[in-house]
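The structure file input_22.cif is reproduced below (mmCIF, C-alpha atoms).
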```cif
data_coords
loop_
_atom_site.group_PDB
_atom_site.id
_atom_site.type_symbol
_atom_site.label_atom_id
_atom_site.label_comp_id
_atom_site.auth_asym_id
_atom_site.auth_seq_id
_atom_site.Cartn_x
_atom_site.Cartn_y
_atom_site.Cartn_z
ATOM 1 C CA MET A 1 19.714 -9.529 207.807
ATOM 2 C CA ALA A 2 20.961 -9.151 204.230
ATOM 3 C CA ARG A 3 23.465 -6.424 203.480
ATOM 4 C CA PRO A 4 22.709 -4.031 200.633
ATOM 5 C CA VAL A 5 24.941 -4.177 197.546
ATOM 6 C CA TRP A 6 24.407 -0.420 197.183
ATOM 7 C CA ALA A 7 23.015 2.275 199.459
ATOM 8 C CA GLY A 8 21.959 5.790 198.601
ATOM 9 C CA ASN A 9 18.935 7.952 197.995
ATOM 10 C CA LEU A 10 16.089 7.328 195.594
ATOM 11 C CA SER A 11 15.163 10.801 194.432
ATOM 12 C CA PHE A 12 12.568 12.407 192.198
ATOM 13 C CA GLY A 13 11.544 16.033 192.238
ATOM 14 C CA LEU A 14 11.942 17.338 195.778
ATOM 15 C CA VAL A 15 11.597 13.870 197.348
ATOM 16 C CA SER A 16 14.633 11.956 198.568
ATOM 17 C CA LEU A 17 14.219 8.504 200.119
ATOM 18 C CA PRO A 18 17.198 6.659 201.686
ATOM 19 C CA VAL A 19 17.211 3.114 200.266
ATOM 20 C CA GLY A 20 19.349 0.015 200.092
ATOM 21 C CA LEU A 21 19.636 -2.205 197.009
ATOM 22 C CA TYR A 22 19.480 -5.968 197.613
ATOM 23 C CA THR A 23 20.009 -8.826 195.180
ATOM 24 C CA ALA A 24 16.779 -10.544 194.257
ATOM 25 C CA THR A 25 18.335 -13.584 192.622
ATOM 26 C CA ASP A 26 21.241 -15.880 193.354
ATOM 27 C CA SER A 27 23.706 -17.111 190.766
ATOM 28 C CA HIS A 28 23.708 -20.881 190.504
ATOM 29 C CA THR A 29 26.704 -21.008 188.201
ATOM 30 C CA ILE A 30 29.240 -23.713 189.000
ATOM 31 C CA HIS A 31 32.814 -22.449 189.244
ATOM 32 C CA PHE A 32 35.729 -24.745 188.477
ATOM 33 C CA HIS A 33 39.424 -24.513 189.359
ATOM 34 C CA GLN A 34 42.145 -25.452 186.908
ATOM 35 C CA LEU A 35 44.143 -28.467 188.117
ATOM 36 C CA GLN A 36 47.127 -30.365 186.766
ATOM 37 C CA ARG A 37 45.930 -33.776 185.586
ATOM 38 C CA GLY A 38 46.858 -36.572 187.979
ATOM 39 C CA THR A 39 48.038 -34.300 190.819
ATOM 40 C CA SER A 40 45.050 -32.187 191.939
ATOM 41 C CA ASP A 41 47.512 -29.254 192.137
ATOM 42 C CA ARG A 42 45.948 -25.872 191.323
ATOM 43 C CA VAL A 43 47.253 -24.137 188.202
ATOM 44 C CA ARG A 44 47.656 -20.356 188.440
ATOM 45 C CA ASN A 45 47.742 -17.814 185.661
ATOM 46 C CA ARG A 46 50.744 -15.515 185.684
ATOM 47 C CA ARG A 47 51.456 -12.218 183.955
ATOM 48 C CA VAL A 48 54.383 -12.934 181.637
ATOM 49 C CA ASN A 49 56.153 -10.684 179.134
ATOM 50 C CA GLU A 50 55.616 -12.571 175.853
ATOM 51 C CA ARG A 51 58.952 -11.396 174.395
ATOM 52 C CA THR A 52 61.237 -12.176 177.372
ATOM 53 C CA GLY A 53 59.224 -14.823 179.218
ATOM 54 C CA ASP A 54 59.810 -12.941 182.501
ATOM 55 C CA GLU A 55 57.000 -12.555 185.028
ATOM 56 C CA VAL A 56 55.712 -8.953 185.273
ATOM 57 C CA GLU A 57 54.532 -7.334 188.512
ATOM 58 C CA LEU A 58 51.008 -5.936 188.523
ATOM 59 C CA ASP A 59 52.293 -2.389 189.221
ATOM 60 C CA ASP A 60 54.316 -2.534 185.981
ATOM 61 C CA ILE A 61 51.305 -3.271 183.779
ATOM 62 C CA VAL A 62 49.447 -0.606 181.793
ATOM 63 C CA LYS A 63 46.669 -0.942 179.262
ATOM 64 C CA GLY A 64 47.238 -0.184 175.617
ATOM 65 C CA TYR A 65 45.105 0.163 172.509
ATOM 66 C CA ASP A 66 46.555 -1.247 169.294
ATOM 67 C CA THR A 67 46.085 1.278 166.478
ATOM 68 C CA GLY A 68 47.608 -1.136 163.974
ATOM 69 C CA GLU A 69 50.943 0.685 163.882
ATOM 70 C CA GLU A 70 51.602 1.314 167.575
ATOM 71 C CA TYR A 71 50.074 1.058 171.038
ATOM 72 C CA VAL A 72 48.441 4.034 172.697
ATOM 73 C CA LEU A 73 49.212 3.535 176.406
ATOM 74 C CA VAL A 74 46.674 4.355 179.095
ATOM 75 C CA GLU A 75 47.712 4.578 182.749
ATOM 76 C CA PRO A 76 45.373 3.270 185.486
ATOM 77 C CA ASP A 77 45.010 6.817 186.883
ATOM 78 C CA GLU A 78 43.777 8.024 183.487
ATOM 79 C CA LEU A 79 41.114 5.307 183.435
ATOM 80 C CA ASP A 80 40.054 6.224 186.983
ATOM 81 C CA GLU A 81 39.588 9.855 185.911
ATOM 82 C CA ILE A 82 37.122 8.983 183.150
ATOM 83 C CA ALA A 83 35.321 6.137 184.953
ATOM 84 C CA PRO A 84 31.963 7.090 186.436
ATOM 85 C CA GLY A 85 32.147 7.581 190.185
ATOM 86 C CA ARG A 86 30.018 5.659 192.653
ATOM 87 C CA SER A 87 26.571 7.143 192.712
ATOM 88 C CA ARG A 88 24.969 8.072 196.002
ATOM 89 C CA SER A 89 21.685 8.800 194.284
ATOM 90 C CA LEU A 90 19.227 6.844 192.172
ATOM 91 C CA ASP A 91 17.691 9.726 190.207
ATOM 92 C CA ILE A 92 14.281 9.097 188.666
ATOM 93 C CA ALA A 93 14.158 11.205 185.510
ATOM 94 C CA GLY A 94 10.536 10.391 184.675
ATOM 95 C CA PHE A 95 7.725 7.874 184.778
ATOM 96 C CA VAL A 96 6.358 5.656 182.017
ATOM 97 C CA ASP A 97 3.412 3.278 181.717
ATOM 98 C CA LEU A 98 4.325 -0.268 182.767
ATOM 99 C CA ASP A 99 3.283 -1.621 179.365
ATOM 100 C CA GLU A 100 6.010 0.548 177.796
ATOM 101 C CA VAL A 101 8.667 -1.345 179.797
ATOM 102 C CA ASP A 102 9.172 -4.727 178.130
ATOM 103 C CA PRO A 103 10.652 -7.189 180.673
ATOM 104 C CA ILE A 104 12.623 -8.922 177.916
ATOM 105 C CA PHE A 105 15.071 -6.009 177.927
ATOM 106 C CA PHE A 106 16.004 -6.505 181.583
ATOM 107 C CA ASP A 107 18.629 -8.836 182.960
ATOM 108 C CA THR A 108 18.984 -8.436 186.719
ATOM 109 C CA THR A 109 16.396 -7.634 189.366
ATOM 110 C CA TYR A 110 17.138 -6.051 192.730
ATOM 111 C CA TYR A 111 14.894 -5.184 195.668
ATOM 112 C CA LEU A 112 14.885 -1.640 196.995
ATOM 113 C CA GLY A 113 14.303 -1.367 200.712
ATOM 114 C CA PRO A 114 13.982 1.673 202.970
ATOM 115 C CA ARG A 115 17.014 2.467 205.106
ATOM 116 C CA GLY A 116 15.742 2.977 208.626
ATOM 117 C CA ALA A 117 12.306 2.501 210.142
ATOM 118 C CA GLU A 118 11.605 6.231 209.846
ATOM 119 C CA ASN A 119 11.570 5.869 206.027
ATOM 120 C CA THR A 120 9.068 3.003 205.742
ATOM 121 C CA LYS A 121 6.013 5.276 205.393
ATOM 122 C CA VAL A 122 7.484 7.275 202.490
ATOM 123 C CA TYR A 123 8.694 4.034 200.889
ATOM 124 C CA SER A 124 5.224 2.496 201.191
ATOM 125 C CA LEU A 125 3.562 5.605 199.742
ATOM 126 C CA LEU A 126 5.872 5.550 196.715
ATOM 127 C CA GLU A 127 5.312 1.811 196.162
ATOM 128 C CA GLN A 128 1.527 2.217 196.381
ATOM 129 C CA ALA A 129 1.508 5.256 194.086
ATOM 130 C CA LEU A 130 3.511 3.417 191.408
ATOM 131 C CA ALA A 131 1.298 0.338 191.703
ATOM 132 C CA ARG A 132 -1.989 2.274 191.497
ATOM 133 C CA ALA A 133 -0.815 4.422 188.594
ATOM 134 C CA GLY A 134 0.627 1.455 186.691
ATOM 135 C CA LYS A 135 3.890 3.352 186.220
ATOM 136 C CA ALA A 136 7.614 2.620 186.372
ATOM 137 C CA GLY A 137 10.265 5.164 187.242
ATOM 138 C CA ILE A 138 13.140 5.457 184.769
ATOM 139 C CA ALA A 139 16.356 6.264 186.589
ATOM 140 C CA THR A 140 20.130 6.332 186.285
ATOM 141 C CA PHE A 141 22.745 5.434 188.845
ATOM 142 C CA VAL A 142 26.314 4.156 189.072
ATOM 143 C CA MET A 143 27.234 0.850 190.698
ATOM 144 C CA ARG A 144 30.560 -0.990 190.395
ATOM 145 C CA GLN A 145 31.918 1.630 187.989
ATOM 146 C CA HIS A 146 29.071 1.141 185.502
ATOM 147 C CA GLU A 147 26.313 3.610 184.850
ATOM 148 C CA TYR A 148 22.889 2.006 184.416
ATOM 149 C CA LEU A 149 19.592 3.174 182.987
ATOM 150 C CA VAL A 150 17.070 1.260 185.104
ATOM 151 C CA ALA A 151 13.373 0.815 185.741
ATOM 152 C CA VAL A 152 11.944 1.098 189.261
ATOM 153 C CA LYS A 153 8.675 -0.823 189.587
ATOM 154 C CA ALA A 154 6.202 -1.746 192.324
ATOM 155 C CA GLU A 155 5.743 -5.509 192.656
ATOM 156 C CA ASN A 156 3.768 -7.262 195.387
ATOM 157 C CA GLY A 157 4.285 -4.573 198.001
ATOM 158 C CA VAL A 158 7.969 -3.875 197.324
ATOM 159 C CA LEU A 159 9.955 -1.682 194.968
ATOM 160 C CA THR A 160 12.161 -3.494 192.476
ATOM 161 C CA LEU A 161 14.930 -2.175 190.285
ATOM 162 C CA HIS A 162 15.641 -3.791 186.909
ATOM 163 C CA THR A 163 18.945 -3.380 185.054
ATOM 164 C CA PRO A 164 19.074 -3.837 181.278
ATOM 165 C CA ALA A 165 20.350 -6.882 179.454
ATOM 166 C CA LEU A 166 23.450 -5.541 177.762
ATOM 167 C CA GLY A 167 23.905 -8.414 175.355
ATOM 168 C CA GLY A 168 27.084 -10.351 175.046
#
```
Would you write out, as structure tokens, the structure that this file holds?
Amino acid sequence: MARPVWAGNLSFGLVSLPVGLYTATDSHTIHFHQLQRGTSDRVRNRRVNERTGDEVELDDIVKGYDTGEEYVLVEPDELDEIAPGRSRSLDIAGFVDLDEVDPIFFDTTYYLGPRGAENTKVYSLLEQALARAGKAGIATFVMRQHEYLVAVKAENGVLTLHTPALGG
């Protein structure tokens, strides 16, 4: 059985439904390794101080923002403090008509499945209610340190979650 990429509670009002989030699509991107021509030896990237040419350990690296005159240094702990934490809840803030949710704005689709057989009835009721009403739930949640505004829709007997195309 597939493992969820995220697990938590889908909640709206006083209802809380334990769900798992499953990928609905597979990436078919080909990944290449860098090799030295004529040897088939892998080439690795190293962290090197550009002034001295010495290799730098990962623990000795901090991020910095160039203001034009100097760097403002940011420690990893400081970034962790401001990063959104992992969400345990997919909070539906409201419902909109399906025709108000243009699919062109969405990039990735996930399936939402009930966690545990005891939750299948509530899951099915929510899916049927969304389908009959022609509505989508608009929700927020955090996954992989990114907060997403998403649409939860009923499609062919299952709930799907759609994340926005962020451009690039």
Atomic separation - CA of Leu90 in chain A relative to CA of Thr140 in chain A, Å: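 Pair CA of Thr140 in chain A / CA of Leu90 in chain A returns 6.0 Å.
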Could you tell me which residues the PyMOL selection byres ((chain A and resi 16-24) around 12) returns for this structure, as JSON, numbers by chain? {"A": [1, 2, 3, 4, 5, 6, 7, 8, 9, 10, 11, 12, 13, 14, 15, 25, 26, 27, 88, 89, 90, 91, 92, 107, 108, 109, 110, 111, 112, 113, 114, 115, 116, 117, 118, 119, 120, 121, 122, 123, 124, 125, 126, 127, 141, 143, 152, 158, 159, 160, 161, 162, 163]}
Which residue out of A:Gly64, A:Pro164, A:Gly38, A:Gly157 has the minimum interatomic distance to Val101 in chain A when all atoms listed in the file are used?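 Answer, going by the shortest atom-to-atom distance: A:Pro164.
Checking A:Val74, A:Leu130, A:Gly68, A:Gln36 one by one against Gly94 in chain A, counting all atoms listed in the file, you find the shortest gap at A:Leu130.
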Using only C-alpha atoms, which of A:Ala129, A:Val48, A:Ala93, A:Ile30 sits nearest Leu149 in chain A?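 Between A:Ala129, A:Val48, A:Ala93, A:Ile30, the residue approaching Leu149 in chain A most closely is A:Ala93.
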How many Å separate CA of Phe105 in chain A from CA of Gly134 in chain A?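 Atom-to-atom, CA of Phe105 in chain A and CA of Gly134 in chain A are spaced 18.5 Å apart.
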How would range 91-102 of chain A look with all heavy atoms restored, written as a compact mmCIF listing (two decimals), in the coordinates of the input?
```txt
# COMPACT_ATOMS: atom_id res chain seq x y z
N ASP A 91 18.48 8.58 190.62
CA ASP A 91 17.69 9.73 190.21
C ASP A 91 16.63 9.33 189.19
O ASP A 91 16.96 8.99 188.04
CB ASP A 91 18.60 10.80 189.61
CG ASP A 91 19.62 11.30 190.60
OD1 ASP A 91 19.23 11.59 191.74
OD2 ASP A 91 20.81 11.40 190.24
N ILE A 92 15.37 9.38 189.60
CA ILE A 92 14.28 9.10 188.67
C ILE A 92 14.09 10.32 187.78
O ILE A 92 13.77 11.41 188.25
CB ILE A 92 12.99 8.73 189.41
CG1 ILE A 92 13.18 7.40 190.17
CG2 ILE A 92 11.81 8.63 188.44
CD1 ILE A 92 11.97 6.94 190.95
N ALA A 93 14.28 10.12 186.47
CA ALA A 93 14.16 11.20 185.51
C ALA A 93 12.71 11.39 185.06
O ALA A 93 12.31 12.48 184.66
CB ALA A 93 15.04 10.94 184.30
N GLY A 94 11.93 10.31 185.10
CA GLY A 94 10.54 10.39 184.68
C GLY A 94 9.83 9.08 184.90
O GLY A 94 10.43 8.09 185.35
N PHE A 95 8.55 9.06 184.58
CA PHE A 95 7.72 7.87 184.78
C PHE A 95 7.09 7.49 183.46
O PHE A 95 6.71 8.34 182.66
CB PHE A 95 6.65 8.16 185.83
CG PHE A 95 7.21 8.48 187.18
CD1 PHE A 95 7.49 9.79 187.54
CD2 PHE A 95 7.50 7.47 188.08
CE1 PHE A 95 8.02 10.10 188.78
CE2 PHE A 95 8.03 7.76 189.33
CZ PHE A 95 8.30 9.08 189.68
N VAL A 96 6.98 6.18 183.23
CA VAL A 96 6.36 5.66 182.02
C VAL A 96 5.32 4.60 182.40
O VAL A 96 5.38 4.04 183.50
CB VAL A 96 7.40 5.04 181.05
CG1 VAL A 96 8.40 6.09 180.57
CG2 VAL A 96 8.12 3.86 181.68
N ASP A 97 4.38 4.34 181.48
CA ASP A 97 3.41 3.28 181.72
C ASP A 97 4.13 1.93 181.75
O ASP A 97 5.06 1.71 180.98
CB ASP A 97 2.35 3.26 180.61
CG ASP A 97 1.44 4.48 180.67
OD1 ASP A 97 1.26 5.02 181.77
OD2 ASP A 97 0.92 4.87 179.61
N LEU A 98 3.70 1.06 182.63
CA LEU A 98 4.32 -0.27 182.77
C LEU A 98 4.35 -1.04 181.45
O LEU A 98 5.30 -1.75 181.17
CB LEU A 98 3.61 -1.10 183.82
CG LEU A 98 4.02 -0.85 185.26
CD1 LEU A 98 3.17 -1.69 186.21
CD2 LEU A 98 5.49 -1.14 185.48
N ASP A 99 3.30 -0.88 180.62
CA ASP A 99 3.28 -1.62 179.36
C ASP A 99 4.31 -1.11 178.36
O ASP A 99 4.56 -1.73 177.34
CB ASP A 99 1.88 -1.66 178.75
CG ASP A 99 1.32 -0.28 178.47
OD1 ASP A 99 1.98 0.73 178.77
OD2 ASP A 99 0.18 -0.20 177.93
N GLU A 100 4.93 0.03 178.65
CA GLU A 100 6.01 0.55 177.80
C GLU A 100 7.37 -0.03 178.18
O GLU A 100 8.36 0.18 177.50
CB GLU A 100 6.08 2.07 177.88
CG GLU A 100 4.89 2.78 177.29
CD GLU A 100 5.02 4.28 177.39
OE1 GLU A 100 6.15 4.80 177.26
OE2 GLU A 100 4.00 4.95 177.62
N VAL A 101 7.42 -0.76 179.31
CA VAL A 101 8.67 -1.34 179.80
C VAL A 101 8.60 -2.85 179.56
O VAL A 101 8.00 -3.58 180.35
CB VAL A 101 8.88 -1.03 181.30
CG1 VAL A 101 10.19 -1.61 181.78
CG2 VAL A 101 8.84 0.47 181.54
N ASP A 102 9.20 -3.30 178.47
CA ASP A 102 9.17 -4.73 178.13
C ASP A 102 10.19 -5.48 178.98
O ASP A 102 11.38 -5.20 178.92
CB ASP A 102 9.49 -4.91 176.65
CG ASP A 102 9.18 -6.30 176.14
OD1 ASP A 102 9.12 -7.24 176.98
OD2 ASP A 102 8.99 -6.45 174.93
```
